[in-house]
Amino acid sequence: MIKKIYFSILFLFCLTVFSQTDSIQVQVEQSDTSISNFNIPIFSTSGSDAESEIDQQDVSSLLQSSKDVFIQFSSFQFGAARFRMRGYSAENQQIMINGVNVNNLETGFSSWSSWGGLNDVTRYTENRFGNVSNRYGFSGAGGYTNIDSKASSFKKGTRISYVNANRAFANRFMVTHSTGMQQNGWALTLSASSRYGDQVYVPGTYFNANAFYFSVDKKLTDKHLLSFTGFVAPIEQGRSSAAQIEAYQLTGDNYYNSLWGYQNGKVRNSSVSKTQRPMFLMSHIFKPSSESQLVSTLFYTFGKSSLSSLNWNNVSNPRPDYYRYLPSYSYQNGDTAFGDRFKLNWQNDVNTRQINWDRLIAVNQANLYTLPSQLGNSVNSSETRARYILEERIEDLKNIGFNTVYNKRIEALFLSAGFNANLYSNRKYKEMADLLGATYWLDYDQFAQNLGVDPIYQQNDIETPDKKIVKGDRFGYDYIIHVNRVEAWSQLEYTLKNLDIYAGLSLSNNVIWREGFIQNGKFPSTSKGLSDKLNFINYGLKGGLTYKISGRHFLTANGSLLSRAPEVNNLFTSPRVRNDLISGVSNELVTSTDINYSAKFPGFKLRLTYYFTQINNQTWVRSYFDDTYNNNVNLIMKSINQQNQGIEIGLEKTIFTSHLLQLCVGLGEYIYTNRPVLEAWQDNNAAPLYNSRKAYLTNFKVGGSPQSVFGLGYKYTAKKYWYAGLYLNYFDQIYIEANPNRRTEESLSNYLVNEKEQYSKIINQEQLPAYYILNANAGKSFRLFKKYMLNLSLNINNILNNKTSITSGYEQLRFANTNIDKFANKYYYMTGTTYMATINFTF
């Protein structure tokens, strides 16, 4: 890897020296102090707008706000490979709408699907990646993205568009209308879209989504503006699953999806996700002078998301790829005849390799048993007790908050300060979606029936024992996660002739607790009521400088140090059924630095970056079914330290005006740097299965994303409003996410040290083969009657139709000490050729 880095740097240094033969020199003047400084424009990396406006902006802002070639490739070319910039997970980047942080307070993530389909009104973004200054809030190592969705930000006009695609959806219709700011001080923008498609690429999947947006601004005076924005994007999607290599080979399909089957001859998916969460923002923008601004916003987000799943009690597992149903399980146990039979059925019987919905319904309809507390196990003729059901796991969110940001320029000094507060609650429960032909379901925990003589143990709700559940009823669990958060932050930027400096500070407090509504039979004293309240006081420090070597060459250095509360899901041992907390969990600590060299000439741009980030003291909780204990197990890993470092290179060169060459290189190393501690708990037992196990993960790779990426692009832009581009992308250093429990002394206890083959098979982390894909795009614009615009575009990914490359995978958390191959890894394959054709008409 070091050789690759040296070679890349030397290559780009030579290109930079060559580009310096251009004798044009531009002196960067101090920024305009008008109010427009608050709206940093978005620049095209290949257009001339950025060149013409270089004298009008702070240099540091210009370098970061423009989408350089590396960010372009990461956003539009590397997505199919599940690439994450610098290996960061989503909680390291702050996502804002009109300056309001919309990252989820439980997970730290931001769900872009909440405004999916509203492309016309969310495309105006300011995107600054890495450790950067931020005039809207305090962001960390991943930078921030701010979406400006105010009605007055859009030009007057109407836009109608249609998309045909073969990716997640097949068709999209969208219409957007904006009045612009009118003479009477009003501005109105409306947008709506619909996206849909059945089994567009992966069998058994479907996509059905709508989106609606409304924004109105009223200019009260030259100093006061009121702005309201509301949007909702309801989505329903049939999902797909990862699978073992054996399942892909048996079916002859690298897109095998175990989550669907036939019911009465029609395709039905068992894992359907639904989301409908509106968001409303009401802002007051106060501009007391041309050099200051105060923006205050009240916001409210609410609504439900759900995920359906099969559940069953005292009956065989309905999932077709359950490991006992695969031929390999029989072969491993020496039952060749049974293995051959399974293999034949997998290859020839759709009801073997997919969910057999008709069989599940038949089993339910034949189960004529009453409640044990009434008539024992006697048969009745009026009711059928469900053995199989389809349940929905629902999260009902309410988040109300206030955000205020003050900006002021005082000659060469720019001050930003803000305060925000959230009252967040997320109610989580299960609801009966489908009894699959039965008349009721008993609210029992099937894994608790053997815990004791007292039948109360199996009751999910001991206040209503033997509760009959019918369609639409809540059951199983019901609780709320509460998060109250406040933050105050400030930032100073100082501009000199050859130097820009900034420094920022943040202080925040998170108060987190659980509130249970059901008294569970296994944990009668800790399941219902309020848990202890956890207080996490956090801080953030960051700073950076930009040295202007000349008007074309810049050196920047940035650093940040911050603490943050752990994810709420990583605080409770088993939040669905009890208030018990994981011991010893404290704030995470993130330290990050980056050093950048940038060169900018007419027709040539270069950015070279080295970054180094440590994320320490993380906690990780995952749940899985363990056959040994016949129960769901919560695996907890504490005190995880992680290190991400590498280089990024982005180069863009215009040749003969119309031809553009682009090159980007990302060479990273994302590893674990310590030996975390493992513990495990059953869902139905208050005693740990084990604790204080040491996971030997030092120098293991962080999985899930390529750590080395290369991109080469060519784009031709013609004079008559058309363009075409071709892009070659290469991905390497892709690792399977490791199961930490396999890297413990206890898991190796059944093997001798000299059994090298078995030892290595357990310990070694799988690296997936490198691969490349070729993408293309083209577009043409027509101006009609001098006032209308028609735009056509086509994007094609994976032109060579590569279907054999694996993009990612993971080791199952289930692990058998005596049989290494019992629970094989699961994988996702690269989709073949996909396209998106778009037509827009603007008037």
# chains A, B, ... in the order shown; residues from 1 in each chain; ligands from 1

$ closest_atom_pairs --of "region 364-483 of chain A" --to "region 579-584 of chain A" --cutoff "12 Å" --atoms "only C-alpha atoms" --output "JSON lines"
{"residue": "A:Tyr479", "atom": "CA", "partner": "A:Asn579", "partner_atom": "CA", "distance": 9.8}
{"residue": "A:Ile480", "atom": "CA", "partner": "A:Asn579", "partner_atom": "CA", "distance": 10.9}
{"residue": "A:Ile481", "atom": "CA", "partner": "A:Asn579", "partner_atom": "CA", "distance": 10.5}

$ write_last_selection --atoms "N, CA, C and O atoms" --output "tab-separated table (two decimals), in the first residue's frame"
chain	number	residue	atom	x	y	z
A	479	TYR	N	-42.66	-0.24	24.35
A	479	TYR	CA	-41.85	0.66	25.18
A	479	TYR	C	-41.48	1.90	24.39
A	479	TYR	O	-41.60	1.94	23.16
A	480	ILE	N	-41.03	2.92	25.11
A	480	ILE	CA	-40.58	4.18	24.50
A	480	ILE	C	-39.12	4.43	24.87
A	480	ILE	O	-38.72	4.24	26.03
A	481	ILE	N	-38.35	4.88	23.90
A	481	ILE	CA	-37.02	5.41	24.15
A	481	ILE	C	-37.13	6.93	24.14
A	481	ILE	O	-37.59	7.52	23.16

$ select_by_dssp --residues "region 596-804 of chain A" --states "strand (DSSP E)" --output "PyMOL selection string"
chain A and resi 596-601+604-626+631-655+659-672+677-682+688-694+708-717+722-732+734-735+767-768+771-784+788-797

$ residues_around --residues "region 592-603 of chain A" --least-positions-apart "6" --cutoff "7 Å" --atoms "only C-alpha atoms" --output "count of residues only"
20

$ residues_around --residues "Met789 (chain A)" --least-positions-apart "2" --cutoff "12 Å" --atoms "only C-alpha atoms" --output "ChimeraX atom specification"
/A:157-161,721,780-787,791-792,839-843

$ closest_residue --among "A:Ile400, A:Leu660, A:Val702, A:Val363" --to "Gln645 (chain A)" --atoms "only C-alpha atoms"
A:Val702

$ residues_around --residues "Tyr494 (chain A)" --least-positions-apart "6" --cutoff "7 Å" --atoms "only C-alpha atoms" --output "list of chain:residue names"
A:Ala412, A:Leu413, A:Phe414, A:Asp500, A:Ile501, A:Tyr502

$ closest_residue --among "A:Gly137, A:Pro688, A:Gly711, A:Gly809" --to "Leu774 (chain A)" --atoms "only C-alpha atoms"
A:Gly711

$ closest_residue --among "A:Gln618, A:Thr807, A:Thr834, A:Leu294" --to "Gly704 (chain A)" --atoms "only C-alpha atoms"
A:Thr807

$ closest_residue --among "A:Leu435, A:Val132, A:Ile97, A:Leu344" --to "Ala503 (chain A)" --atoms "only C-alpha atoms"
A:Val132

$ select_by_dssp --residues "region 78-155 of chain A" --states "alpha helix (DSSP H)" --output "ChimeraX atom specification"
/A:119-122

$ atom_distance --atom1 "CA of Asn617 (chain A)" --atom2 "CA of Ser133 (chain A)"
25.6 Å

$ residues_around --residues "Tyr440 (chain A)" --least-positions-apart "6" --cutoff "9 Å" --atoms "only C-alpha atoms" --output "JSON, numbers by chain"
{"A": [383, 384, 385, 386, 468, 469, 470, 471]}

$ residues_around --residues "region 722-734 of chain A" --least-positions-apart "2" --cutoff "9 Å" --atoms "only C-alpha atoms" --output "PyMOL selection string"
chain A and resi 73+77-78+81+83+662+668-669+701+703-720+736+766-782+807-808

$ decode --residues "region 808-824 of chain A" --atoms "all heavy atoms" --output "PDB file, in the first residue's frame"
ATOM      1  N   SER A 808     -20.209  -7.199  -0.878  1.00  0.00           N
ATOM      2  CA  SER A 808     -20.034  -7.191   0.572  1.00  0.00           C
ATOM      3  C   SER A 808     -20.588  -8.480   1.150  1.00  0.00           C
ATOM      4  O   SER A 808     -21.225  -9.278   0.450  1.00  0.00           O
ATOM      5  CB  SER A 808     -20.727  -5.985   1.219  1.00  0.00           C
ATOM      6  OG  SER A 808     -22.130  -6.066   1.053  1.00  0.00           O
ATOM      7  N   GLY A 809     -20.367  -8.673   2.430  1.00  0.00           N
ATOM      8  CA  GLY A 809     -20.857  -9.859   3.116  1.00  0.00           C
ATOM      9  C   GLY A 809     -20.554  -9.774   4.595  1.00  0.00           C
ATOM     10  O   GLY A 809     -19.968  -8.797   5.078  1.00  0.00           O
ATOM     11  N   TYR A 810     -20.947 -10.792   5.304  1.00  0.00           N
ATOM     12  CA  TYR A 810     -20.699 -10.799   6.744  1.00  0.00           C
ATOM     13  C   TYR A 810     -20.644 -12.233   7.268  1.00  0.00           C
ATOM     14  O   TYR A 810     -21.209 -13.155   6.673  1.00  0.00           O
ATOM     15  CB  TYR A 810     -21.779 -10.016   7.496  1.00  0.00           C
ATOM     16  CG  TYR A 810     -23.192 -10.516   7.297  1.00  0.00           C
ATOM     17  CD1 TYR A 810     -23.737 -11.483   8.132  1.00  0.00           C
ATOM     18  CD2 TYR A 810     -23.984 -10.009   6.273  1.00  0.00           C
ATOM     19  CE1 TYR A 810     -25.027 -11.939   7.962  1.00  0.00           C
ATOM     20  CE2 TYR A 810     -25.276 -10.451   6.088  1.00  0.00           C
ATOM     21  CZ  TYR A 810     -25.804 -11.426   6.935  1.00  0.00           C
ATOM     22  OH  TYR A 810     -27.083 -11.879   6.755  1.00  0.00           O
ATOM     23  N   GLU A 811     -19.917 -12.408   8.357  1.00  0.00           N
ATOM     24  CA  GLU A 811     -19.912 -13.668   9.076  1.00  0.00           C
ATOM     25  C   GLU A 811     -21.135 -13.730   9.976  1.00  0.00           C
ATOM     26  O   GLU A 811     -21.463 -12.753  10.654  1.00  0.00           O
ATOM     27  CB  GLU A 811     -18.651 -13.802   9.929  1.00  0.00           C
ATOM     28  CG  GLU A 811     -17.375 -13.873   9.135  1.00  0.00           C
ATOM     29  CD  GLU A 811     -16.144 -13.948  10.027  1.00  0.00           C
ATOM     30  OE1 GLU A 811     -16.301 -13.833  11.263  1.00  0.00           O
ATOM     31  OE2 GLU A 811     -15.035 -14.111   9.494  1.00  0.00           O
ATOM     32  N   GLN A 812     -21.818 -14.852   9.979  1.00  0.00           N
ATOM     33  CA  GLN A 812     -22.954 -15.004  10.877  1.00  0.00           C
ATOM     34  C   GLN A 812     -22.468 -15.012  12.324  1.00  0.00           C
ATOM     35  O   GLN A 812     -21.379 -15.497  12.630  1.00  0.00           O
ATOM     36  CB  GLN A 812     -23.706 -16.294  10.572  1.00  0.00           C
ATOM     37  CG  GLN A 812     -24.348 -16.326   9.191  1.00  0.00           C
ATOM     38  CD  GLN A 812     -25.315 -17.473   9.059  1.00  0.00           C
ATOM     39  OE1 GLN A 812     -26.323 -17.547   9.755  1.00  0.00           O
ATOM     40  NE2 GLN A 812     -25.013 -18.400   8.148  1.00  0.00           N
ATOM     41  N   LEU A 813     -23.276 -14.451  13.202  1.00  0.00           N
ATOM     42  CA  LEU A 813     -22.914 -14.438  14.620  1.00  0.00           C
ATOM     43  C   LEU A 813     -23.079 -15.809  15.253  1.00  0.00           C
ATOM     44  O   LEU A 813     -22.441 -16.104  16.268  1.00  0.00           O
ATOM     45  CB  LEU A 813     -23.762 -13.400  15.365  1.00  0.00           C
ATOM     46  CG  LEU A 813     -23.508 -11.946  14.966  1.00  0.00           C
ATOM     47  CD1 LEU A 813     -24.439 -11.002  15.721  1.00  0.00           C
ATOM     48  CD2 LEU A 813     -22.057 -11.558  15.215  1.00  0.00           C
ATOM     49  N   ARG A 814     -23.924 -16.634  14.666  1.00  0.00           N
ATOM     50  CA  ARG A 814     -23.999 -18.021  15.122  1.00  0.00           C
ATOM     51  C   ARG A 814     -22.701 -18.723  14.744  1.00  0.00           C
ATOM     52  O   ARG A 814     -22.237 -18.621  13.607  1.00  0.00           O
ATOM     53  CB  ARG A 814     -25.193 -18.740  14.483  1.00  0.00           C
ATOM     54  CG  ARG A 814     -26.524 -18.252  15.003  1.00  0.00           C
ATOM     55  CD  ARG A 814     -27.661 -19.090  14.454  1.00  0.00           C
ATOM     56  NE  ARG A 814     -27.818 -18.939  13.018  1.00  0.00           N
ATOM     57  CZ  ARG A 814     -28.759 -19.566  12.297  1.00  0.00           C
ATOM     58  NH1 ARG A 814     -29.594 -20.390  12.888  1.00  0.00           N
ATOM     59  NH2 ARG A 814     -28.854 -19.354  11.005  1.00  0.00           N
ATOM     60  N   PHE A 815     -22.151 -19.444  15.687  1.00  0.00           N
ATOM     61  CA  PHE A 815     -20.858 -20.099  15.446  1.00  0.00           C
ATOM     62  C   PHE A 815     -20.811 -21.391  16.240  1.00  0.00           C
ATOM     63  O   PHE A 815     -21.055 -21.408  17.453  1.00  0.00           O
ATOM     64  CB  PHE A 815     -19.712 -19.172  15.853  1.00  0.00           C
ATOM     65  CG  PHE A 815     -18.358 -19.816  15.777  1.00  0.00           C
ATOM     66  CD1 PHE A 815     -17.831 -20.186  14.554  1.00  0.00           C
ATOM     67  CD2 PHE A 815     -17.627 -20.062  16.923  1.00  0.00           C
ATOM     68  CE1 PHE A 815     -16.580 -20.786  14.476  1.00  0.00           C
ATOM     69  CE2 PHE A 815     -16.375 -20.657  16.859  1.00  0.00           C
ATOM     70  CZ  PHE A 815     -15.853 -21.027  15.634  1.00  0.00           C
ATOM     71  N   ALA A 816     -20.534 -22.499  15.556  1.00  0.00           N
ATOM     72  CA  ALA A 816     -20.434 -23.804  16.202  1.00  0.00           C
ATOM     73  C   ALA A 816     -18.970 -24.172  16.379  1.00  0.00           C
ATOM     74  O   ALA A 816     -18.240 -24.320  15.392  1.00  0.00           O
ATOM     75  CB  ALA A 816     -21.157 -24.862  15.370  1.00  0.00           C
ATOM     76  N   ASN A 817     -18.546 -24.334  17.621  1.00  0.00           N
ATOM     77  CA  ASN A 817     -17.133 -24.629  17.894  1.00  0.00           C
ATOM     78  C   ASN A 817     -16.679 -25.938  17.270  1.00  0.00           C
ATOM     79  O   ASN A 817     -15.505 -26.103  16.928  1.00  0.00           O
ATOM     80  CB  ASN A 817     -16.890 -24.696  19.402  1.00  0.00           C
ATOM     81  CG  ASN A 817     -16.924 -23.319  20.043  1.00  0.00           C
ATOM     82  OD1 ASN A 817     -17.027 -22.316  19.339  1.00  0.00           O
ATOM     83  ND2 ASN A 817     -16.831 -23.265  21.354  1.00  0.00           N
ATOM     84  N   THR A 818     -17.608 -26.881  17.127  1.00  0.00           N
ATOM     85  CA  THR A 818     -17.224 -28.203  16.641  1.00  0.00           C
ATOM     86  C   THR A 818     -17.428 -28.373  15.144  1.00  0.00           C
ATOM     87  O   THR A 818     -17.089 -29.412  14.595  1.00  0.00           O
ATOM     88  CB  THR A 818     -18.028 -29.279  17.386  1.00  0.00           C
ATOM     89  OG1 THR A 818     -19.428 -29.016  17.204  1.00  0.00           O
ATOM     90  CG2 THR A 818     -17.704 -29.253  18.883  1.00  0.00           C
ATOM     91  N   ASN A 819     -18.002 -27.387  14.476  1.00  0.00           N
ATOM     92  CA  ASN A 819     -18.256 -27.491  13.042  1.00  0.00           C
ATOM     93  C   ASN A 819     -18.071 -26.109  12.419  1.00  0.00           C
ATOM     94  O   ASN A 819     -18.973 -25.282  12.442  1.00  0.00           O
ATOM     95  CB  ASN A 819     -19.666 -28.022  12.786  1.00  0.00           C
ATOM     96  CG  ASN A 819     -19.930 -28.266  11.307  1.00  0.00           C
ATOM     97  OD1 ASN A 819     -19.147 -27.878  10.435  1.00  0.00           O
ATOM     98  ND2 ASN A 819     -21.039 -28.917  11.013  1.00  0.00           N
ATOM     99  N   ILE A 820     -16.919 -25.868  11.854  1.00  0.00           N
ATOM    100  CA  ILE A 820     -16.576 -24.549  11.346  1.00  0.00           C
ATOM    101  C   ILE A 820     -17.516 -24.108  10.227  1.00  0.00           C
ATOM    102  O   ILE A 820     -17.846 -22.933  10.102  1.00  0.00           O
ATOM    103  CB  ILE A 820     -15.111 -24.545  10.837  1.00  0.00           C
ATOM    104  CG1 ILE A 820     -14.172 -24.997  11.944  1.00  0.00           C
ATOM    105  CG2 ILE A 820     -14.715 -23.167  10.335  1.00  0.00           C
ATOM    106  CD1 ILE A 820     -12.761 -25.247  11.468  1.00  0.00           C
ATOM    107  N   ASP A 821     -17.962 -25.056   9.400  1.00  0.00           N
ATOM    108  CA  ASP A 821     -18.744 -24.719   8.214  1.00  0.00           C
ATOM    109  C   ASP A 821     -20.252 -24.723   8.453  1.00  0.00           C
ATOM    110  O   ASP A 821     -21.023 -24.565   7.500  1.00  0.00           O
ATOM    111  CB  ASP A 821     -18.416 -25.714   7.088  1.00  0.00           C
ATOM    112  CG  ASP A 821     -16.947 -25.664   6.707  1.00  0.00           C
ATOM    113  OD1 ASP A 821     -16.413 -24.543   6.596  1.00  0.00           O
ATOM    114  OD2 ASP A 821     -16.340 -26.738   6.534  1.00  0.00           O
ATOM    115  N   LYS A 822     -20.683 -24.910   9.681  1.00  0.00           N
ATOM    116  CA  LYS A 822     -22.120 -25.052   9.944  1.00  0.00           C
ATOM    117  C   LYS A 822     -22.883 -23.789   9.580  1.00  0.00           C
ATOM    118  O   LYS A 822     -23.974 -23.850   9.012  1.00  0.00           O
ATOM    119  CB  LYS A 822     -22.349 -25.403  11.417  1.00  0.00           C
ATOM    120  CG  LYS A 822     -23.783 -25.740  11.749  1.00  0.00           C
ATOM    121  CD  LYS A 822     -23.912 -26.212  13.190  1.00  0.00           C
ATOM    122  CE  LYS A 822     -25.340 -26.614  13.512  1.00  0.00           C
ATOM    123  NZ  LYS A 822     -25.480 -27.099  14.920  1.00  0.00           N
ATOM    124  N   PHE A 823     -22.324 -22.622   9.907  1.00  0.00           N
ATOM    125  CA  PHE A 823     -22.982 -21.345   9.615  1.00  0.00           C
ATOM    126  C   PHE A 823     -22.075 -20.533   8.696  1.00  0.00           C
ATOM    127  O   PHE A 823     -21.211 -19.783   9.154  1.00  0.00           O
ATOM    128  CB  PHE A 823     -23.281 -20.584  10.898  1.00  0.00           C
ATOM    129  CG  PHE A 823     -24.124 -21.352  11.874  1.00  0.00           C
ATOM    130  CD1 PHE A 823     -23.585 -21.840  13.057  1.00  0.00           C
ATOM    131  CD2 PHE A 823     -25.453 -21.615  11.586  1.00  0.00           C
ATOM    132  CE1 PHE A 823     -24.357 -22.554  13.946  1.00  0.00           C
ATOM    133  CE2 PHE A 823     -26.238 -22.335  12.482  1.00  0.00           C
ATOM    134  CZ  PHE A 823     -25.693 -22.811  13.659  1.00  0.00           C
ATOM    135  N   ALA A 824     -22.288 -20.706   7.407  1.00  0.00           N
ATOM    136  CA  ALA A 824     -21.408 -20.094   6.408  1.00  0.00           C
ATOM    137  C   ALA A 824     -21.670 -18.598   6.293  1.00  0.00           C
ATOM    138  O   ALA A 824     -22.719 -18.084   6.684  1.00  0.00           O
ATOM    139  CB  ALA A 824     -21.620 -20.775   5.055  1.00  0.00           C
TER     140      ALA A 824
END
